[in-house]
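Undergrad: Pasting run_5.cif below, which is mmCIF, C-alpha atoms.
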```
data_work
#
loop_
_atom_site.label_atom_id
_atom_site.label_comp_id
_atom_site.auth_asym_id
_atom_site.auth_seq_id
_atom_site.Cartn_x
_atom_site.Cartn_y
_atom_site.Cartn_z
CA GLU W 41 33.31 10.47 28.70
CA THR W 42 36.21 9.52 26.40
CA SER W 43 38.69 11.22 28.73
CA ASP W 44 37.38 9.29 31.75
CA ILE W 45 37.67 5.96 29.98
CA ARG W 46 41.17 6.76 28.80
CA GLY W 47 42.16 7.48 32.37
CA ALA W 48 40.68 4.18 33.53
CA GLN W 49 42.51 2.34 30.78
CA ARG W 50 45.83 3.93 31.74
CA ALA W 51 45.36 2.59 35.25
CA GLN W 52 44.68 -0.90 33.89
CA LEU W 53 47.42 -1.10 31.26
CA PRO W 54 50.01 -3.77 31.99
CA SER W 55 53.48 -2.49 32.78
CA GLY W 56 56.35 -3.07 30.41
CA LEU W 57 54.35 -2.57 27.18
CA PRO W 58 55.97 -0.61 24.34
CA ALA W 59 54.71 2.96 24.02
CA SER W 60 53.26 2.31 20.54
CA GLN W 61 51.20 -0.63 21.82
CA LYS W 62 49.89 1.46 24.72
CA ARG W 63 48.83 4.18 22.27
CA ASN W 64 46.98 1.64 20.11
CA MET W 65 45.14 0.23 23.13
CA LEU W 66 44.14 3.70 24.28
CA ARG W 67 43.00 4.64 20.76
CA LYS W 68 40.77 1.57 20.54
CA GLY W 69 39.27 2.36 23.93
CA ALA W 70 38.55 5.92 22.85
CA GLN W 71 36.89 4.75 19.63
CA LYS W 72 34.74 2.28 21.57
CA ALA W 73 33.70 4.97 24.02
CA THR W 74 32.84 7.36 21.16
CA ARG W 75 30.64 4.73 19.49
CA SER W 76 28.97 3.98 22.82
CA GLY W 77 28.26 7.65 23.39
CA ALA W 78 26.85 8.06 19.87
CA SER W 79 24.60 5.03 20.34
CA TRP W 80 23.31 6.36 23.65
CA TYR W 81 22.64 9.76 22.06
CA SER W 82 20.79 8.18 19.12
CA ASP W 83 18.63 6.09 21.45
CA ALA W 84 17.86 9.10 23.61
CA VAL W 85 16.73 11.13 20.60
CA ALA W 86 14.57 8.22 19.43
CA VAL W 87 12.87 7.90 22.82
CA ALA W 88 12.30 11.65 23.03
CA THR W 89 10.78 11.64 19.55
CA ILE W 90 8.39 8.79 20.37
CA VAL W 91 7.31 10.26 23.71
CA GLY W 92 6.94 13.77 22.34
CA GLY W 93 5.13 12.60 19.21
CA THR W 94 2.71 10.42 21.17
CA ALA W 95 1.93 13.27 23.54
CA ALA W 96 1.30 15.56 20.58
CA GLY W 97 -0.98 12.98 18.98
CA MET W 98 -3.05 12.72 22.16
CA TYR W 99 -3.46 16.49 22.17
CA PHE W 100 -3.86 17.40 18.52
CA LYS W 101 -7.10 16.62 16.72
CA ASP W 102 -7.55 15.97 13.01
CA GLU W 103 -8.35 19.63 12.42
CA ILE W 104 -4.99 20.65 13.85
CA ARG W 105 -3.12 18.09 11.74
CA GLN W 106 -4.56 19.74 8.63
CA THR W 107 -3.11 23.16 9.41
CA SER W 108 -0.01 24.74 7.89
CA LEU W 109 1.37 25.32 11.38
CA TYR W 110 1.32 21.59 12.13
CA ARG W 111 3.06 20.75 8.84
CA ILE W 112 5.70 23.39 9.52
CA SER W 113 6.29 21.99 13.01
CA VAL W 114 6.85 18.55 11.51
CA ASP W 115 9.14 19.81 8.74
CA PHE W 116 11.27 22.06 10.92
CA GLY W 117 10.84 20.45 14.35
CA LEU W 118 10.47 16.70 14.05
CA MET W 119 12.38 16.04 10.82
CA PRO W 120 15.69 17.56 12.01
CA LEU W 121 15.48 15.29 15.08
CA LEU W 122 14.94 12.21 12.93
CA ARG W 123 18.04 13.07 10.90
CA LEU W 124 20.13 12.79 14.06
CA VAL W 125 19.35 9.10 14.52
CA ASP W 126 20.33 6.01 12.58
CA PRO W 127 18.62 6.00 9.12
CA GLU W 128 16.80 2.69 9.65
CA GLN W 129 15.70 3.76 13.12
CA ALA W 130 14.40 7.02 11.63
CA HIS W 131 12.49 5.02 9.02
CA ASN W 132 10.88 2.89 11.73
CA LEU W 133 9.97 5.97 13.77
CA ALA W 134 8.32 7.54 10.72
CA ILE W 135 6.21 4.40 10.24
CA LYS W 136 5.18 4.43 13.91
CA ALA W 137 4.25 8.11 13.69
CA ALA W 138 2.05 7.48 10.66
CA ALA W 139 0.48 4.43 12.35
CA LEU W 140 -0.40 6.63 15.36
CA ARG W 141 -1.73 9.28 12.95
CA LEU W 142 0.81 11.86 14.06
CA SER W 143 1.66 12.70 10.45
CA PRO W 144 0.09 15.76 8.78
CA LYS W 145 -3.32 15.30 7.16
CA ASP W 146 -3.96 16.61 3.67
CA PRO W 147 -7.07 18.82 3.86
CA VAL W 148 -7.49 19.19 0.09
CA ILE W 149 -9.92 17.08 -1.92
CA ASP W 150 -8.33 15.98 -5.18
CA ASP W 151 -9.64 17.77 -8.28
CA LYS W 152 -11.20 15.55 -10.93
CA PRO W 153 -8.46 16.30 -13.50
CA LEU W 154 -5.99 14.61 -11.11
CA GLN W 155 -7.93 11.35 -11.12
CA VAL W 156 -6.65 8.60 -13.40
CA GLN W 157 -7.82 5.13 -14.37
CA VAL W 158 -5.19 2.45 -14.97
CA TRP W 159 -5.70 -1.35 -15.16
CA GLY W 160 -9.37 -0.70 -14.56
CA VAL W 161 -8.62 0.88 -11.16
CA ASP W 162 -9.69 4.46 -10.38
CA PHE W 163 -6.90 6.31 -8.56
CA PRO W 164 -7.80 9.63 -6.87
CA ASN W 165 -4.48 11.05 -8.09
CA CYS W 166 -1.35 9.77 -9.78
CA VAL W 167 1.12 10.28 -6.89
CA GLY W 168 1.84 7.03 -5.07
CA LEU W 169 4.01 5.67 -2.28
CA ALA W 170 6.15 2.83 -3.64
CA ALA W 171 6.82 -0.48 -1.92
CA GLY W 172 9.72 -0.43 0.52
CA PHE W 173 8.46 2.26 2.88
CA ASP W 174 5.54 0.56 4.66
CA LYS W 175 6.90 -2.95 4.20
CA HIS W 176 4.61 -4.62 6.73
CA ALA W 177 1.32 -2.68 6.19
CA GLU W 178 1.58 -0.95 9.57
CA ALA W 179 0.49 2.61 8.71
CA LEU W 180 -2.01 2.58 5.85
CA GLY W 181 -4.40 5.05 7.48
CA GLY W 182 -1.85 7.71 8.35
CA LEU W 183 0.00 7.41 5.04
CA SER W 184 -3.23 7.69 3.07
CA GLU W 185 -4.04 10.91 4.94
CA LEU W 186 -0.86 12.44 3.53
CA GLY W 187 -2.69 12.62 0.20
CA PHE W 188 -1.31 9.70 -1.80
CA GLY W 189 -3.39 8.23 -4.59
CA LEU W 190 -1.96 4.76 -4.00
CA ILE W 191 0.09 2.98 -1.36
CA GLU W 192 2.04 -0.15 -2.17
CA VAL W 193 3.06 -2.32 0.80
CA GLY W 194 5.81 -4.94 0.82
CA SER W 195 7.67 -6.69 -0.48
CA VAL W 196 6.03 -9.42 1.61
CA THR W 197 7.52 -12.93 1.71
CA PRO W 198 5.58 -16.03 2.83
CA LEU W 199 7.73 -16.63 5.92
CA PRO W 200 9.33 -13.95 8.10
CA GLN W 201 12.95 -13.23 7.22
CA PRO W 202 15.40 -10.68 8.64
CA GLY W 203 16.93 -9.38 5.42
CA ASN W 204 20.52 -8.18 5.14
CA PRO W 205 22.79 -7.53 8.15
CA LYS W 206 22.80 -4.00 9.57
CA PRO W 207 23.70 -1.29 8.73
CA ARG W 208 21.68 -1.52 5.50
CA MET W 209 20.30 1.98 4.98
CA PHE W 210 22.58 4.92 4.25
CA ARG W 211 21.91 8.63 3.93
CA LEU W 212 23.05 10.68 0.93
CA SER W 213 22.55 14.07 2.56
CA GLU W 214 23.76 16.14 -0.38
CA ASP W 215 21.30 14.39 -2.68
CA LYS W 216 18.48 14.39 -0.10
CA ALA W 217 18.21 10.64 -0.60
CA VAL W 218 18.95 7.28 0.99
CA ILE W 219 20.35 3.96 -0.23
CA ASN W 220 18.18 1.02 0.81
CA ARG W 221 19.83 -2.40 1.08
CA TYR W 222 17.29 -4.08 3.37
CA GLY W 223 17.27 -7.29 1.37
CA PHE W 224 13.59 -8.33 1.49
CA ASN W 225 13.19 -8.08 5.26
CA SER W 226 9.61 -9.11 5.94
CA GLU W 227 7.30 -10.06 8.78
CA GLY W 228 5.67 -12.63 6.49
CA HIS W 229 2.20 -13.27 5.08
CA GLU W 230 0.54 -14.03 8.41
CA ALA W 231 1.39 -10.71 10.07
CA VAL W 232 0.52 -8.58 7.04
CA LYS W 233 -2.69 -10.49 6.35
CA HIS W 234 -3.78 -9.99 9.97
CA ARG W 235 -3.32 -6.21 9.67
CA LEU W 236 -5.24 -6.06 6.40
CA GLU W 237 -8.03 -8.19 7.90
CA MET W 238 -8.26 -5.86 10.90
CA GLU W 239 -8.37 -2.81 8.67
CA ARG W 240 -11.28 -4.34 6.75
CA LEU W 241 -13.03 -5.52 9.91
CA LEU W 242 -12.90 -2.03 11.43
CA GLY W 243 -14.01 -0.43 8.18
CA HIS W 244 -10.82 1.57 7.80
CA ASP W 245 -10.37 0.37 4.22
CA LYS W 246 -13.57 2.27 3.30
CA LEU W 247 -12.21 5.47 4.86
CA ARG W 248 -8.84 5.21 3.08
CA LYS W 249 -8.90 7.10 -0.20
CA ALA W 250 -5.61 5.68 -1.51
CA MET W 251 -5.75 2.51 -3.57
CA LEU W 252 -3.79 -0.42 -2.11
CA GLY W 253 -1.10 -2.36 -3.93
CA VAL W 254 0.56 -5.44 -2.45
CA ASN W 255 4.09 -6.28 -3.56
CA VAL W 256 4.91 -9.98 -3.08
CA GLY W 257 8.35 -11.63 -2.99
CA LYS W 258 9.99 -14.98 -2.37
CA ASN W 259 11.94 -16.19 0.63
CA LYS W 260 15.69 -16.23 0.21
CA THR W 261 16.02 -19.99 0.69
CA GLN W 262 13.01 -21.00 -1.42
CA LYS W 263 13.93 -22.92 -4.58
CA ASP W 264 10.40 -22.97 -6.02
CA ALA W 265 9.92 -19.26 -6.69
CA ALA W 266 6.49 -19.65 -8.29
CA ALA W 267 5.14 -21.34 -5.15
CA ASP W 268 6.05 -18.32 -3.01
CA TYR W 269 4.63 -15.76 -5.44
CA CYS W 270 1.40 -17.73 -5.88
CA ALA W 271 1.06 -18.03 -2.10
CA GLY W 272 1.38 -14.25 -1.80
CA ILE W 273 -1.32 -13.71 -4.39
CA ARG W 274 -3.68 -16.17 -2.71
CA GLU W 275 -3.14 -14.84 0.82
CA LEU W 276 -2.95 -11.09 0.21
CA GLY W 277 -4.57 -10.56 -3.18
CA PRO W 278 -8.14 -10.47 -1.82
CA PHE W 279 -7.28 -7.28 0.12
CA ALA W 280 -5.52 -5.48 -2.74
CA ASP W 281 -6.55 -3.24 -5.63
CA TYR W 282 -3.56 -4.64 -7.55
CA VAL W 283 -0.69 -7.07 -6.89
CA VAL W 284 2.97 -6.78 -7.93
CA VAL W 285 5.26 -9.77 -8.46
CA ASN W 286 8.73 -8.47 -7.56
CA VAL W 287 11.60 -10.12 -9.47
CA SER W 288 13.86 -7.06 -9.53
CA SER W 289 15.62 -7.07 -6.15
CA PRO W 290 19.42 -7.53 -6.41
CA ASN W 291 19.56 -8.58 -2.74
CA THR W 292 18.00 -12.03 -3.17
CA PRO W 293 20.32 -14.61 -4.78
CA GLY W 294 19.08 -15.84 -8.15
CA LEU W 295 16.00 -13.60 -8.15
CA ARG W 296 16.92 -11.70 -11.29
CA ASP W 297 17.37 -14.99 -13.14
CA LEU W 298 13.58 -15.09 -13.14
CA GLN W 299 13.65 -12.24 -15.67
CA LYS W 300 14.94 -14.54 -18.40
CA LYS W 301 12.35 -15.26 -21.07
CA ALA W 302 11.58 -18.91 -20.31
CA ALA W 303 11.63 -18.38 -16.53
CA ILE W 304 9.42 -15.31 -16.50
CA LEU W 305 6.95 -16.91 -18.91
CA GLU W 306 6.62 -19.89 -16.57
CA LEU W 307 6.26 -17.56 -13.58
CA MET W 308 3.62 -15.43 -15.31
CA THR W 309 1.61 -18.52 -16.22
CA ALA W 310 1.60 -19.75 -12.61
CA THR W 311 0.81 -16.36 -11.03
CA ILE W 312 -2.00 -15.61 -13.50
CA ALA W 313 -3.61 -18.93 -12.58
CA ALA W 314 -3.32 -18.01 -8.87
CA ARG W 315 -4.83 -14.59 -9.58
CA ASP W 316 -7.72 -16.07 -11.57
CA ALA W 317 -8.57 -18.36 -8.64
CA ILE W 318 -9.36 -15.30 -6.48
CA LYS W 319 -13.04 -14.45 -6.55
CA GLN W 320 -13.54 -10.87 -7.70
CA GLU W 321 -16.88 -9.09 -7.79
CA ASP W 322 -16.73 -7.65 -11.30
CA LYS W 323 -13.22 -7.67 -12.77
CA PRO W 324 -9.94 -9.58 -12.46
CA LEU W 325 -7.35 -8.37 -10.00
CA PRO W 326 -4.62 -6.42 -11.86
CA LEU W 327 -1.35 -8.40 -11.77
CA LEU W 328 1.94 -6.62 -12.46
CA VAL W 329 5.56 -7.76 -12.66
CA LYS W 330 8.30 -5.49 -11.30
CA VAL W 331 11.52 -5.87 -13.30
CA ALA W 332 14.97 -4.34 -12.91
CA PRO W 333 15.66 -0.83 -14.28
CA ASP W 334 18.96 -1.82 -15.91
CA LEU W 335 17.81 -4.43 -18.44
CA ASP W 336 19.28 -4.37 -21.94
CA GLU W 337 17.10 -4.10 -25.03
CA LYS W 338 16.94 -7.85 -25.65
CA GLU W 339 15.88 -8.55 -22.06
CA LYS W 340 13.18 -5.90 -22.29
CA ARG W 341 11.94 -7.40 -25.55
CA ASP W 342 11.87 -10.91 -24.11
CA ILE W 343 9.84 -9.79 -21.08
CA ALA W 344 7.42 -7.83 -23.26
CA GLU W 345 6.91 -10.85 -25.53
CA ALA W 346 6.31 -13.07 -22.49
CA ALA W 347 3.77 -10.60 -21.12
CA MET W 348 1.93 -10.38 -24.45
CA SER W 349 1.85 -14.12 -25.09
#
```
Could you write out this structure as structure tokens?
TA:
Amino acid sequence: ETSDIRGAQRAQLPSGLPASQKRNMLRKGAQKATRSGASWYSDAVAVATIVGGTAAGMYFKDEIRQTSLYRISVDFGLMPLLRLVDPEQAHNLAIKAAALRLSPKDPVIDDKPLQVQVWGVDFPNCVGLAAGFDKHAEALGGLSELGFGLIEVGSVTPLPQPGNPKPRMFRLSEDKAVINRYGFNSEGHEAVKHRLEMERLLGHDKLRKAMLGVNVGKNKTQKDAAADYCAGIRELGPFADYVVVNVSSPNTPGLRDLQKKAAILELMTATIAARDAIKQEDKPLPLLVKVAPDLDEKEKRDIAEAAMS
């Protein structure tokens, strides 16, 4: 493909150009063609994965998804294909697969020693899926069937926002890890609330063994941070087993300033009042604050004092 485009460019190059300028023009054309070919290849793999996965889901029953053979086919068949596509596209495909219940299903019932009670909530086991994977609450059923004891969705902002420009997810293949710089991309309260309402309406929340956490954030342009966090608690708290107020993201300007003692005390006061306004059957909804991992000792002490006050 690159050779063909180079030939076409040679035919279109103006006469009288210096040789070095011609080489630069041809090089740029080759680079563009290479990127175009890579994009086409990535899209083709993505389409093949969706079509093949959907066909498999229509054929395989729950009993098949619980077998070792199915898990091996995912690990050594599907996963290598996903690693050929753009990291964010692979992430989205994984969410769609779980939403369609194409992901493996854990056949093992958790032993009682694995169960743990924290914040008054009984978790079937202590292995959870953190916020950032299922940001928009699209695949709770399929993800729960993987065997997690808790699933935390979000962060969810009141209004939809796109997050950071792409590319914003990067693979670290040697470390078997990724760097996530999404920047609070969110479909907003309305979309997530609708999905949680439908899950409850259809009774799927009763079938899901994993406890549900909802991680709430603020919109990038919102000056009144407490208003956004309180709105998240009011709108999404009634569906959650616990709620997390996220003030740790480095991708939202000014967000980490909320970790200062006076600011976080004011925020905690407002969010606790919003939590207390939610009618609970027997106990208050657990309310957590997610802070940055790189705080110094004084900052940690200030936050702890604010939380205990």
Undergrad: Point out the residue among W:Leu252, W:Leu133, W:Leu124, W:Leu180 with the least atom-to-atom distance to Val284 (chain W), counting only C-alpha atoms.
TA: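 The closest residue to Val284 (chain W) is W:Leu252.
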Undergrad: Put a box with edges along x, y and z around all the listed atoms of region 106-112 of chain W, pad it by 8 Å on each side, then give me its centre and sizes in Å, one decimal, as JSON.
TA:
```
{"center_x": 0.6, "center_y": 22.5, "center_z": 10.0, "size_x": 26.3, "size_y": 21.6, "size_z": 20.2}
```
Undergrad: Within 8 Å of region 186-199 of chain W, which residues of region 229-248 of chain W come that close, and what is the closest atom pair and distance in Å for each? Count only C-alpha atoms and give it as a Markdown table.
TA:
```
| residue | atom | partner | partner_atom | distance |
| --- | --- | --- | --- | --- |
| W:His229 | CA | W:Pro198 | CA | 4.9 |
| W:Glu230 | CA | W:Pro198 | CA | 7.8 |
| W:Val232 | CA | W:Val196 | CA | 7.8 |
```
Undergrad: Selection in question (the file shown): the PyMOL selection byres ((chain W and resi 226) around 6). Which residues does it include, as a tab-separated table (two decimals) with C-alpha atoms, in the coordinates of the input?
TA:
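What ended up in expr-v4.tsv:
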```tsv
chain	number	residue	atom	x	y	z
W	196	VAL	CA	6.03	-9.42	1.61
W	200	PRO	CA	9.33	-13.95	8.10
W	201	GLN	CA	12.95	-13.23	7.22
W	225	ASN	CA	13.19	-8.08	5.26
W	227	GLU	CA	7.30	-10.06	8.78
W	228	GLY	CA	5.67	-12.63	6.49
```
Undergrad: Name the residues that the PyMOL selection byres ((chain W and resi 139) around 8) pulls out of this structure, and write them as a PDB file with C-alpha atoms, in the frame of the given file.
TA:
```pdb
ATOM      1  CA  ILE W 135       6.210   4.400  10.240  1.00  0.00           C
ATOM      2  CA  LYS W 136       5.180   4.430  13.910  1.00  0.00           C
ATOM      3  CA  ALA W 137       4.250   8.110  13.690  1.00  0.00           C
ATOM      4  CA  ALA W 138       2.050   7.480  10.660  1.00  0.00           C
ATOM      5  CA  LEU W 140      -0.400   6.630  15.360  1.00  0.00           C
ATOM      6  CA  ARG W 141      -1.730   9.280  12.950  1.00  0.00           C
ATOM      7  CA  LEU W 142       0.810  11.860  14.060  1.00  0.00           C
ATOM      8  CA  GLU W 178       1.580  -0.950   9.570  1.00  0.00           C
ATOM      9  CA  ALA W 179       0.490   2.610   8.710  1.00  0.00           C
ATOM     10  CA  LEU W 180      -2.010   2.580   5.850  1.00  0.00           C
ATOM     11  CA  GLY W 181      -4.400   5.050   7.480  1.00  0.00           C
ATOM     12  CA  GLY W 182      -1.850   7.710   8.350  1.00  0.00           C
ATOM     13  CA  LEU W 183       0.000   7.410   5.040  1.00  0.00           C
TER      14      LEU W 183
END
```
Undergrad: Ranking W:Leu298, W:Leu305, W:Met238, W:Ala231 by minimum distance to Glu345 (chain W) and counting only C-alpha atoms, which one comes first?
TA: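 Selected residue with least distance to Glu345 (chain W): W:Leu305.
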Undergrad: Please list as a list of chain:residue names every residue within 9 Å of Ala332 (chain W), counting all atoms listed in the file and excluding residues in the same chain fewer than 6 positions away.
TA: W:Val287, W:Ser288, W:Ser289, W:Pro290, W:Arg296, W:Gln299
Undergrad: How many Å lie between CA of Ala310 (chain W) and CA of Asn255 (chain W), rounded to one decimal?
TA: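 Answer for the CA of Ala310 (chain W) to CA of Asn255 (chain W) separation: 16.4 Å.
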Undergrad: Hey, what comes out of the PyMOL selection byres ((chain W and resi 160) around 10) on this file? Could you write it as a PyMOL selection string?
TA: chain W and resi 156-159+161-163+281-282+323-326
Undergrad: Just the number, please: distance in Å from CA of Arg274 (chain W) to CA of Asp297 (chain W), one decimal.
TA: 23.5 Å
Undergrad: I'd like the interatomic distance between CA of Gly277 (chain W) and CA of Leu295 (chain W), to a tenth of an Å.
TA: 21.4 Å
Undergrad: So, with all atoms listed in the file as the atoms that count, which of W:Pro127, W:Pro164, W:Gly203, W:Gly272 lies closest to Val285 (chain W)?
TA: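 Closest to Val285 (chain W) of all the choices is W:Gly272.
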Undergrad: Which residues are near Arg211 (chain W)? Cut-off 12 Å, all atoms listed in the file, ignore same chain within fewer than 4 positions. Put them as a ChimeraX atom specification.
TA: /W:122-128,130-131,207,215-221
Undergrad: Restricting the calculation to only C-alpha atoms, which member of W:Ile304, W:Leu169, W:Ile149, W:Ala314 is positioned closest to Leu276 (chain W)?
TA: W:Ala314
Undergrad: Starting from the point (5.9, -10.6, -21.9), work out which residues of protein, DNA or RNA have an atom no more than 10 Å away when counting only C-alpha atoms; state them as JSON, numbers by chain.
TA: {"W": [301, 304, 305, 308, 329, 340, 341, 342, 343, 344, 345, 346, 347, 348, 349]}
Undergrad: Quick one: residues within 12 Å of Leu247 (chain W), only C-alpha atoms, excluding same-chain residues fewer than 2 positions away - as a list in words?
TA: Leu180, Gly181, Gly182, Ser184, Glu185, Glu239, Arg240, Leu242, Gly243, His244, Asp245, Lys249, Ala250 and Met251 of chain W
Undergrad: Which one of W:Cys270, W:Asn286, W:Lys300, W:Thr309 sits closest to Leu328 (chain W) if you count all atoms listed in the file?
TA: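 Closest candidate: W:Asn286.
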